[in-house]
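Here's structure35.cif, which has mmCIF, C-alpha atoms:
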data_model
#
loop_
_atom_site.label_atom_id
_atom_site.label_comp_id
_atom_site.auth_asym_id
_atom_site.auth_seq_id
_atom_site.Cartn_x
_atom_site.Cartn_y
_atom_site.Cartn_z
CA MET A 1 0.00 0.00 0.00
CA TYR A 2 1.01 3.59 -0.49
CA ILE A 3 0.59 5.51 2.76
CA ILE A 4 1.13 9.23 3.37
CA ILE A 5 2.15 10.31 6.85
CA VAL A 6 1.61 13.93 7.87
CA GLY A 7 3.90 14.89 10.75
CA GLY A 8 7.41 13.57 11.24
CA GLY A 9 7.67 13.85 15.02
CA ARG A 10 8.03 10.88 17.32
CA VAL A 11 4.76 9.24 16.33
CA GLY A 12 5.43 9.81 12.62
CA TYR A 13 8.94 8.45 12.97
CA TYR A 14 7.97 5.16 14.60
CA LEU A 15 4.94 4.77 12.38
CA ALA A 16 7.12 5.21 9.29
CA ARG A 17 9.59 2.62 10.54
CA ALA A 18 6.88 0.10 11.30
CA LEU A 19 5.17 0.58 7.92
CA LEU A 20 8.45 0.32 6.00
CA ASN A 21 9.24 -2.93 7.84
CA GLU A 22 5.88 -4.29 6.75
CA GLY A 23 6.84 -3.52 3.15
CA HIS A 24 4.61 -0.51 2.50
CA GLU A 25 5.56 2.46 0.38
CA ILE A 26 5.45 5.66 2.40
CA ALA A 27 5.95 9.42 2.16
CA ILE A 28 6.22 11.72 5.15
CA LEU A 29 5.37 15.43 5.10
CA GLU A 30 7.06 17.44 7.83
CA LYS A 31 7.38 21.23 8.21
CA ASN A 32 10.59 21.18 10.23
CA ALA A 33 13.75 20.85 8.05
CA ARG A 34 15.81 19.32 10.84
CA PHE A 35 13.28 16.52 11.46
CA CYS A 36 13.18 15.88 7.70
CA ASP A 37 16.96 15.48 7.53
CA ILE A 38 16.95 13.00 10.40
CA LEU A 39 14.21 10.92 8.77
CA ASN A 40 15.87 10.93 5.36
CA GLU A 41 19.28 10.06 6.73
CA GLU A 42 17.91 7.08 8.55
CA MET A 43 15.30 5.69 6.16
CA GLY A 44 16.35 6.91 2.72
CA SER A 45 14.39 9.64 0.98
CA VAL A 46 11.02 9.22 2.63
CA CYS A 47 10.39 12.75 3.87
CA VAL A 48 9.47 15.91 1.99
CA GLN A 49 9.63 19.23 3.80
CA GLY A 50 6.33 21.04 3.69
CA ASP A 51 2.90 21.61 5.17
CA GLY A 52 0.75 18.49 4.90
CA CYS A 53 -2.41 20.61 5.04
CA GLU A 54 -1.57 22.29 1.74
CA ALA A 55 -3.07 20.73 -1.35
CA ALA A 56 0.02 21.60 -3.43
CA MET A 57 2.32 19.68 -1.08
CA LEU A 58 0.00 16.70 -0.99
CA ALA A 59 -0.11 16.70 -4.79
CA GLU A 60 3.69 16.74 -4.91
CA VAL A 61 3.99 13.49 -2.98
CA GLY A 62 1.37 11.81 -5.16
CA THR A 63 -1.54 11.75 -2.72
CA GLY A 64 -3.85 11.05 -5.65
CA ARG A 65 -2.67 7.44 -5.75
CA ALA A 66 -2.39 6.97 -1.97
CA ASP A 67 -4.39 4.19 -0.31
CA MET A 68 -4.28 5.83 3.08
CA LEU A 69 -3.28 9.02 4.87
CA ALA A 70 -2.36 9.16 8.54
CA ALA A 71 -2.18 12.62 10.12
CA VAL A 72 -0.14 12.33 13.31
CA THR A 73 0.99 15.86 14.15
CA GLY A 74 0.53 17.14 17.70
CA ASP A 75 -2.27 19.52 16.71
CA ASP A 76 -5.81 18.23 16.31
CA GLU A 77 -6.86 20.98 13.91
CA ASP A 78 -3.92 20.30 11.59
CA ASN A 79 -4.70 16.60 11.56
CA LEU A 80 -8.34 17.34 10.77
CA VAL A 81 -7.52 19.61 7.83
CA ALA A 82 -4.84 17.27 6.39
CA CYS A 83 -7.38 14.43 6.40
CA GLN A 84 -10.16 16.55 4.91
CA VAL A 85 -7.94 17.84 2.09
CA ALA A 86 -6.80 14.27 1.36
CA LYS A 87 -10.38 13.06 1.35
CA HIS A 88 -12.04 15.83 -0.65
CA LYS A 89 -9.29 16.90 -3.03
CA PHE A 90 -7.55 13.57 -3.62
CA ASN A 91 -10.22 10.98 -2.78
CA VAL A 92 -7.95 9.05 -0.46
CA PRO A 93 -10.03 6.02 0.59
CA ARG A 94 -8.93 5.90 4.23
CA THR A 95 -7.91 8.76 6.49
CA ILE A 96 -6.65 8.39 10.04
CA ALA A 97 -6.22 11.26 12.48
CA ARG A 98 -4.35 11.33 15.75
CA ILE A 99 -6.25 13.36 18.34
CA ARG A 100 -5.14 14.82 21.63
CA ASN A 101 -8.43 16.02 22.99
CA PRO A 102 -10.72 12.98 23.43
CA GLN A 103 -13.73 15.29 22.97
CA ASN A 104 -12.77 15.66 19.34
CA GLU A 105 -13.45 12.01 18.58
CA THR A 106 -17.14 12.54 17.82
CA ILE A 107 -16.52 15.80 15.98
CA PHE A 108 -13.94 14.22 13.67
CA LYS A 109 -16.23 11.27 12.95
CA LYS A 110 -19.02 13.67 12.06
CA LEU A 111 -16.70 15.60 9.76
CA GLY A 112 -15.86 12.50 7.75
CA ILE A 113 -12.56 11.25 9.19
CA ASP A 114 -12.54 7.45 8.89
CA VAL A 115 -10.52 6.56 11.98
CA THR A 116 -9.42 8.56 15.01
CA VAL A 117 -6.77 7.48 17.48
CA SER A 118 -6.82 9.21 20.84
CA ALA A 119 -3.58 8.66 22.72
CA THR A 120 -5.14 10.26 25.80
CA ASN A 121 -7.91 7.66 25.88
CA ILE A 122 -5.51 4.78 25.31
CA ILE A 123 -3.27 5.87 28.18
CA LEU A 124 -6.27 6.42 30.42
CA GLU A 125 -7.64 2.97 29.78
CA ALA A 126 -4.28 1.29 30.25
CA ILE A 127 -3.98 2.93 33.65
CA GLU A 128 -7.62 2.27 34.60
CA LYS A 129 -7.00 -1.41 33.96
CA GLU A 130 -4.25 -1.42 36.58
CA VAL A 131 -6.50 0.04 39.26
CA PRO A 132 -7.69 -3.12 41.08
CA THR A 133 -11.06 -1.73 42.12
CA HIS A 134 -12.01 -0.34 38.75
CA PRO A 135 -15.26 -2.13 37.89
CA LEU A 136 -15.26 -1.69 34.10
CA THR A 137 -12.41 -1.54 31.64
CA HIS A 138 -12.63 -0.99 27.90
CA LEU A 139 -10.55 -3.59 26.11
CA LEU A 140 -11.47 -2.84 22.52
CA THR A 141 -13.74 -0.29 20.88
CA ARG A 142 -15.09 -0.57 17.36
CA SER A 143 -16.74 2.81 17.11
CA ASP A 144 -17.62 2.30 13.42
CA LYS A 145 -19.83 -0.65 14.45
CA GLY A 146 -20.90 0.82 17.79
CA LEU A 147 -19.49 -2.19 19.63
CA GLU A 148 -17.03 -2.61 22.44
CA ILE A 149 -15.45 -5.40 24.42
CA VAL A 150 -15.23 -4.68 28.12
CA GLU A 151 -13.99 -6.36 31.24
CA VAL A 152 -16.22 -6.30 34.32
CA ARG A 153 -14.68 -7.31 37.64
CA ILE A 154 -16.80 -8.82 40.36
CA PRO A 155 -15.74 -7.06 43.55
CA ALA A 156 -16.36 -8.33 47.08
CA GLY A 157 -19.90 -7.53 48.14
CA SER A 158 -21.43 -7.99 44.69
CA LYS A 159 -25.01 -9.21 44.99
CA THR A 160 -24.49 -11.69 42.15
CA ILE A 161 -21.75 -13.75 43.84
CA GLY A 162 -22.82 -17.40 44.09
CA ARG A 163 -25.58 -17.01 41.51
CA SER A 164 -25.57 -18.63 38.10
CA ILE A 165 -25.48 -16.73 34.84
CA LYS A 166 -29.11 -17.61 34.03
CA GLU A 167 -30.28 -16.03 37.27
CA VAL A 168 -28.68 -12.72 36.40
CA SER A 169 -30.62 -10.54 33.99
CA ARG A 170 -28.49 -8.75 31.45
CA PRO A 171 -29.40 -6.00 28.98
CA GLU A 172 -30.42 -7.32 25.59
CA GLY A 173 -27.76 -6.89 22.95
CA THR A 174 -24.87 -7.71 25.25
CA LYS A 175 -23.01 -11.00 25.30
CA MET A 176 -20.69 -12.58 27.83
CA VAL A 177 -17.73 -14.06 26.05
CA LEU A 178 -15.32 -15.31 28.69
CA ILE A 179 -14.96 -15.58 32.45
CA ILE A 180 -11.49 -15.44 33.97
CA PRO A 181 -11.76 -16.57 37.60
CA LYS A 182 -9.18 -15.39 40.13
CA ASP A 183 -7.29 -18.65 40.48
CA ARG A 184 -8.69 -21.09 37.95
CA LYS A 185 -8.60 -21.45 34.17
CA PRO A 186 -10.74 -19.18 31.99
CA VAL A 187 -14.14 -20.62 31.02
CA ILE A 188 -16.62 -19.82 28.30
CA PRO A 189 -19.75 -19.01 30.30
CA ASN A 190 -22.86 -21.18 30.02
CA PRO A 191 -26.19 -20.58 31.78
CA ASN A 192 -25.10 -22.67 34.79
CA THR A 193 -21.75 -20.99 35.35
CA ILE A 194 -21.57 -19.56 38.87
CA ILE A 195 -20.30 -16.02 39.37
CA ARG A 196 -17.58 -15.76 42.01
CA GLU A 197 -15.81 -12.94 43.72
CA GLY A 198 -12.80 -11.71 41.74
CA ASP A 199 -14.08 -13.02 38.41
CA GLN A 200 -13.14 -10.99 35.39
CA ILE A 201 -16.01 -11.16 32.92
CA ILE A 202 -15.23 -10.29 29.32
CA ALA A 203 -18.33 -9.13 27.46
CA LEU A 204 -19.43 -7.69 24.16
CA THR A 205 -21.63 -4.61 24.55
CA THR A 206 -22.36 -1.10 23.26
CA PRO A 207 -21.33 2.23 24.80
CA GLU A 208 -24.99 2.87 25.76
CA LEU A 209 -25.44 -0.44 27.54
CA GLU A 210 -22.11 -0.77 29.34
CA GLU A 211 -23.25 0.85 32.58
CA GLU A 212 -26.42 -1.28 32.72
CA LEU A 213 -24.32 -4.38 32.04
CA ARG A 214 -21.90 -3.53 34.81
CA SER A 215 -24.63 -2.94 37.37
CA SER A 216 -26.53 -6.10 36.46
CA LEU A 217 -23.40 -8.27 36.63
CA THR A 218 -22.26 -6.90 39.97
CA GLY A 219 -25.66 -6.06 41.44
CA ILE A 220 -24.20 -2.80 42.67
CA MET B 1 -28.60 39.14 16.48
CA LYS B 2 -26.43 37.10 18.82
CA ILE B 3 -22.92 36.85 17.39
CA VAL B 4 -19.97 34.80 18.65
CA ILE B 5 -16.53 35.87 17.43
CA MET B 6 -13.48 33.67 17.86
CA GLY B 7 -10.16 35.52 17.96
CA CYS B 8 -9.72 39.00 19.40
CA GLY B 9 -6.99 40.22 17.09
CA ARG B 10 -7.16 43.52 15.23
CA VAL B 11 -9.84 42.26 12.87
CA GLY B 12 -11.85 40.36 15.47
CA ALA B 13 -11.89 43.31 17.87
CA GLN B 14 -12.84 45.70 15.08
CA ILE B 15 -15.74 43.48 13.96
CA ALA B 16 -16.93 43.21 17.58
CA SER B 17 -16.86 46.96 17.99
CA LEU B 18 -18.66 47.70 14.71
CA LEU B 19 -21.37 45.11 15.27
CA GLU B 20 -21.95 46.26 18.81
CA GLN B 21 -22.53 49.81 17.63
CA ASP B 22 -25.30 48.40 15.45
CA GLY B 23 -26.93 46.93 18.51
CA HIS B 24 -25.95 43.27 18.22
CA GLU B 25 -25.21 41.05 21.20
CA ILE B 26 -21.52 40.10 21.01
CA THR B 27 -19.42 37.43 22.70
CA ILE B 28 -15.76 37.43 21.74
CA LEU B 29 -13.35 34.58 22.52
CA ASP B 30 -9.59 34.47 22.76
CA ILE B 31 -7.04 32.15 24.35
CA ASP B 32 -4.99 35.13 25.55
CA ALA B 33 -6.60 37.63 27.94
CA TYR B 34 -4.10 40.27 26.81
CA SER B 35 -5.81 40.35 23.40
CA PHE B 36 -8.93 41.88 24.93
CA ARG B 37 -7.02 45.20 25.29
CA ARG B 38 -7.93 45.76 21.65
CA LEU B 39 -11.62 46.09 22.50
CA PRO B 40 -12.87 49.67 22.88
CA PRO B 41 -13.12 50.88 26.50
CA ASP B 42 -16.90 51.15 26.30
CA PHE B 43 -17.36 47.59 24.94
CA SER B 44 -20.34 46.14 26.74
CA GLY B 45 -20.43 42.68 25.17
CA THR B 46 -18.83 39.58 26.71
CA ALA B 47 -15.11 38.88 26.43
CA LEU B 48 -14.52 35.21 27.23
CA LEU B 49 -11.16 33.54 27.79
CA GLY B 50 -11.04 30.11 26.13
CA ASN B 51 -10.38 28.01 23.07
CA GLY B 52 -13.07 28.24 20.38
CA MET B 53 -12.32 24.71 19.20
CA ASP B 54 -13.53 23.39 22.54
CA GLU B 55 -17.22 22.45 22.64
CA GLU B 56 -17.54 23.35 26.32
CA VAL B 57 -16.10 26.81 25.74
CA LEU B 58 -18.41 27.36 22.79
CA LYS B 59 -21.41 26.38 24.91
CA ARG B 60 -20.32 28.85 27.58
CA ALA B 61 -20.09 31.49 24.86
CA GLY B 62 -23.74 30.79 24.08
CA ILE B 63 -23.18 29.13 20.71
CA GLU B 64 -26.46 27.24 21.05
CA GLN B 65 -28.41 30.50 20.82
CA ALA B 66 -26.07 32.23 18.34
CA ASP B 67 -27.28 33.44 14.96
CA VAL B 68 -23.79 33.97 13.60
CA PHE B 69 -20.34 32.49 14.34
CA VAL B 70 -17.21 34.21 13.05
CA ALA B 71 -13.76 32.50 13.10
CA MET B 72 -11.02 35.15 12.94
CA THR B 73 -7.88 33.66 14.51
CA GLN B 74 -4.48 33.71 12.81
CA GLY B 75 -4.59 29.97 12.16
CA ASP B 76 -6.39 28.70 9.07
CA ASN B 77 -6.81 25.23 10.49
CA ARG B 78 -8.10 26.53 13.79
CA ASN B 79 -10.67 28.64 11.95
CA VAL B 80 -11.67 25.72 9.76
CA MET B 81 -12.14 23.37 12.68
CA ALA B 82 -14.05 25.84 14.86
CA ALA B 83 -16.27 26.85 11.93
CA GLN B 84 -17.14 23.23 11.20
CA ILE B 85 -17.96 22.57 14.85
CA ALA B 86 -20.24 25.62 14.87
CA LYS B 87 -21.91 24.60 11.63
CA HIS B 88 -22.21 20.83 11.97
CA ILE B 89 -22.38 20.23 15.74
CA PHE B 90 -24.25 23.33 16.90
CA ASN B 91 -26.10 24.10 13.66
CA VAL B 92 -25.40 27.83 13.83
CA PRO B 93 -27.39 29.37 10.94
CA ARG B 94 -24.53 31.48 9.59
CA VAL B 95 -20.83 30.67 9.95
CA ILE B 96 -18.11 32.89 8.48
CA SER B 97 -14.40 32.15 8.57
CA ARG B 98 -11.13 33.59 7.41
CA ILE B 99 -8.76 31.26 5.55
CA TYR B 100 -5.52 32.90 4.39
CA ASP B 101 -4.51 30.03 2.09
CA PRO B 102 -6.50 30.51 -1.16
CA LEU B 103 -6.41 26.80 -2.05
CA ARG B 104 -7.80 25.75 1.29
CA GLN B 105 -10.37 28.53 1.14
CA GLU B 106 -11.55 27.31 -2.24
CA MET B 107 -11.88 23.74 -1.04
CA TYR B 108 -13.83 24.60 2.11
CA ASP B 109 -15.98 26.92 0.07
CA THR B 110 -17.04 23.98 -2.09
CA LEU B 111 -17.66 22.00 1.12
CA GLY B 112 -20.20 24.62 2.13
CA LEU B 113 -18.26 26.81 4.54
CA GLU B 114 -18.66 30.52 4.01
CA ALA B 115 -14.94 31.25 3.93
CA PHE B 116 -12.98 34.08 2.43
CA SER B 117 -9.28 34.54 1.82
CA PRO B 118 -7.83 37.96 2.73
CA THR B 119 -4.82 37.01 0.61
CA THR B 120 -6.83 36.86 -2.61
CA ILE B 121 -8.98 39.87 -1.76
CA PHE B 122 -6.08 42.10 -0.76
CA ALA B 123 -3.88 41.09 -3.71
CA GLN B 124 -6.73 41.93 -6.07
CA LEU B 125 -7.29 45.25 -4.30
CA VAL B 126 -3.65 46.27 -4.62
CA LYS B 127 -3.56 45.18 -8.26
CA ASP B 128 -6.65 47.29 -9.03
CA LYS B 129 -5.09 50.29 -7.26
CA ILE B 130 -1.91 50.01 -9.29
CA GLU B 131 -3.62 49.54 -12.61
CA GLY B 132 -6.05 52.31 -11.72
#
Encoded form (structure tokens):
Amino acid sequence: MYIIIVGGGRVGYYLARALLNEGHEIAILEKNARFCDILNEEMGSVCVQGDGCEAAMLAEVGTGRADMLAAVTGDDEDNLVACQVAKHKFNVPRTIARIRNPQNETIFKKLGIDVTVSATNIILEAIEKEVPTHPLTHLLTRSDKGLEIVEVRIPAGSKTIGRSIKEVSRPEGTKMVLIIPKDRKPVIPNPNTIIREGDQIIALTTPELEEELRSSLTGI
Amino acid sequence: MKIVIMGCGRVGAQIASLLEQDGHEITILDIDAYSFRRLPPDFSGTALLGNGMDEEVLKRAGIEQADVFVAMTQGDNRNVMAAQIAKHIFNVPRVISRIYDPLRQEMYDTLGLEAFSPTTIFAQLVKDKIEG
């Protein structure tokens, strides 16, 4: 695939390296001449100095035949514009924007960006997962399908401890996929599986139903 | 009309002052409180410190009741993003933005943003002056 990367900072640098290793053709657009030199010295001529939000620059690196554009600068508004220019002027099939402010996720989606990656959210969730008492952790989100996979922990004092799955009502449209007990092997839940303290329940749900799912599984 | 202006630079402040004289209700936003010195001493509208690309800030500025949103910061991309938030998230009836880069202005114009490029306008103006 031919992939354009806008922004040659740290994220752009490691992304370029990873994509080159996978055998993709890439071009990086970076405003800062010094960053460009570093990239070109290390990876061959992959970087062109210029503003990735400008149509003329994007034309120069052949964006018209690109399969994908990833805008990974540190500024949300620049990433938005780079993706929109790629989409509307060059018909790039897939645009990906890095975002800093998690609030911008819905705005970008609404404005036609195919995929958004919010580093802030990823870091938050990774840390949340390490907090032992945190009752719900997002493991995977497929916002294009409105689905997510979450982990619900059964803390001490949950009203559902000792009850079987069939006795616990769950919101329709959610599915329990796996139960990882504290000190036994993971099991695929069936209606007779008993919920125990410390269980980690992996479930498929939607953002709207996650809170209802959590409260019905823990009874809290 | 209720008008929200983003960016209290020379142009933004001037627009605020002119529109206020005509009796409009103005809220002007800037990320730097020092910019508000450009407003006339008798300005009676609201000067609000905050980033116009932030939904919360826009709500505080009363964007949900605004008739017009004007994006007048120095950054083309900032203007473009704020203008699209105003238009597509808050459905402000009229959204006007400044985009210096003529190519970007042209593209967003075709995407339905009411954008104008001071670069093109001023170059044309100077050309007309010279050629008389």
Which of these residues is nearest to chain A, using only C-alpha atoms: B:Gly112, B:Val80, B:Phe122, B:Lys127?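 Closest residue, counting only C-alpha atoms: B:Val80.
This file, queried with the PyMOL selection byres ((chain A) within 9 of (chain B)), gives the residues Cys53, Glu54, Ala55, Ala56, Asp76, Glu77, Asp78, Asn79, Leu80, Val81, Val85, His88, Lys89, Asn101, Gln103, Asn104, Ile107, Lys110 and Leu111 of chain A.
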Length of the CA of Leu18 (chain B) to CA of Arg98 (chain B) vector [Å]: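 It comes out at 17.6 Å.
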Counting all atoms listed in the file, which residues have an atom no more than 8 Å from (-23.2, 5.0, 20.4) in the file's coordinates? Please list them as a compact mmCIF listing (two decimals) with C-alpha atoms, in the frame of the given file.
# COMPACT_ATOMS: atom_id res chain seq x y z
CA SER A 143 -16.74 2.81 17.11
CA GLY A 146 -20.90 0.82 17.79
CA THR A 206 -22.36 -1.10 23.26
CA PRO A 207 -21.33 2.23 24.80
CA GLU A 208 -24.99 2.87 25.76
Counting all atoms listed in the file, what is within 10 Å of Ile180 (chain A), bar same-chain residues fewer than 6 positions away, as a list in words?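 Close residues of Ile180 (chain A): Glu151, Arg153, Pro186, Val187, Ile188, Pro189, Gly198, Asp199, Gln200, Ile201 and Ile202 of chain A.
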Since I can't run it myself right now, could you work out what the PyMOL selection byres ((chain B and resi 60) around 12) selects here and report it as a PyMOL selection string? chain B and resi 4+27-29+46-52+54-59+61-66
Answer key for the PyMOL selection byres ((chain A and resi 32) around 12), residues as a PyMOL selection string: chain A and resi 6-9+28-31+33-39+47-52+73
As a compact mmCIF listing (two decimals) with C-alpha atoms, keeping the file's coordinate frame, please: the residues near region 19-26 of chain A (cut-off 7 Å, all atoms listed in the file, same-chain neighbours under 4 positions excluded).
# COMPACT_ATOMS: atom_id res chain seq x y z
CA MET A 1 0.00 0.00 0.00
CA TYR A 2 1.01 3.59 -0.49
CA ILE A 3 0.59 5.51 2.76
CA ILE A 4 1.13 9.23 3.37
CA LEU A 15 4.94 4.77 12.38
CA VAL A 46 11.02 9.22 2.63
Enumerate, as a list in words, the protein, DNA and RNA residues whose atoms approach (-9.9, 41.6, 14.9) to within 10 Å, taking into account all atoms listed in the file and the coordinate frame of the file.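 Neighbouring residues, ordered by chain and number, come to Ile5, Met6, Gly7, Cys8, Gly9, Arg10, Val11, Gly12, Ala13, Gln14, Ile15, Ala16, Ser17, Ile28, Ser35, Arg38, Leu39, Met72, Thr73 and Gln74 of chain B.
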One decimal place gives the CA of Pro40 (chain B)-CA of Lys87 (chain B) separation as 28.9 Å
Near Thr205 (chain A), within 10 Å and counting only C-alpha atoms, which residues show up once chain neighbours fewer than 3 positions away are dropped, as a VMD selection string? chain A and resid 141 146 to 150 171 to 176 202 208 to 211 213
Each side padded by 5 Å, which centre and which edge lengths in Å (one decimal) define the axis-aligned box around the listed atoms of region 11-15 of chain B? Give them as JSON.
{"center_x": -12.8, "center_y": 43.0, "center_z": 15.4, "size_x": 15.9, "size_y": 15.3, "size_z": 15.0}
Do you have the CA of Thr116 (chain A)-CA of Leu204 (chain A) distance handy? 21.2 Å
Have a look at A:Ala126, A:Val11, A:Ala203, A:Ile179 and name the one nearest to Ile99 (chain A); count all atoms listed in the file. A:Val11
For Thr63 (chain A), list every protein, DNA or RNA residue within 9 Å, evaluated using only C-alpha atoms, and leave out those in the same chain fewer than 2 positions away; present the list as a PyMOL selection string. chain A and resi 2-4+57-61+65-69+86+90-92
Which residues come within 12 Å of Ser169 (chain A), counting all atoms listed in the file, excluding same-chain residues fewer than 6 positions away, as a ChimeraX atom specification? /A:160,163,175-176,191,212-219
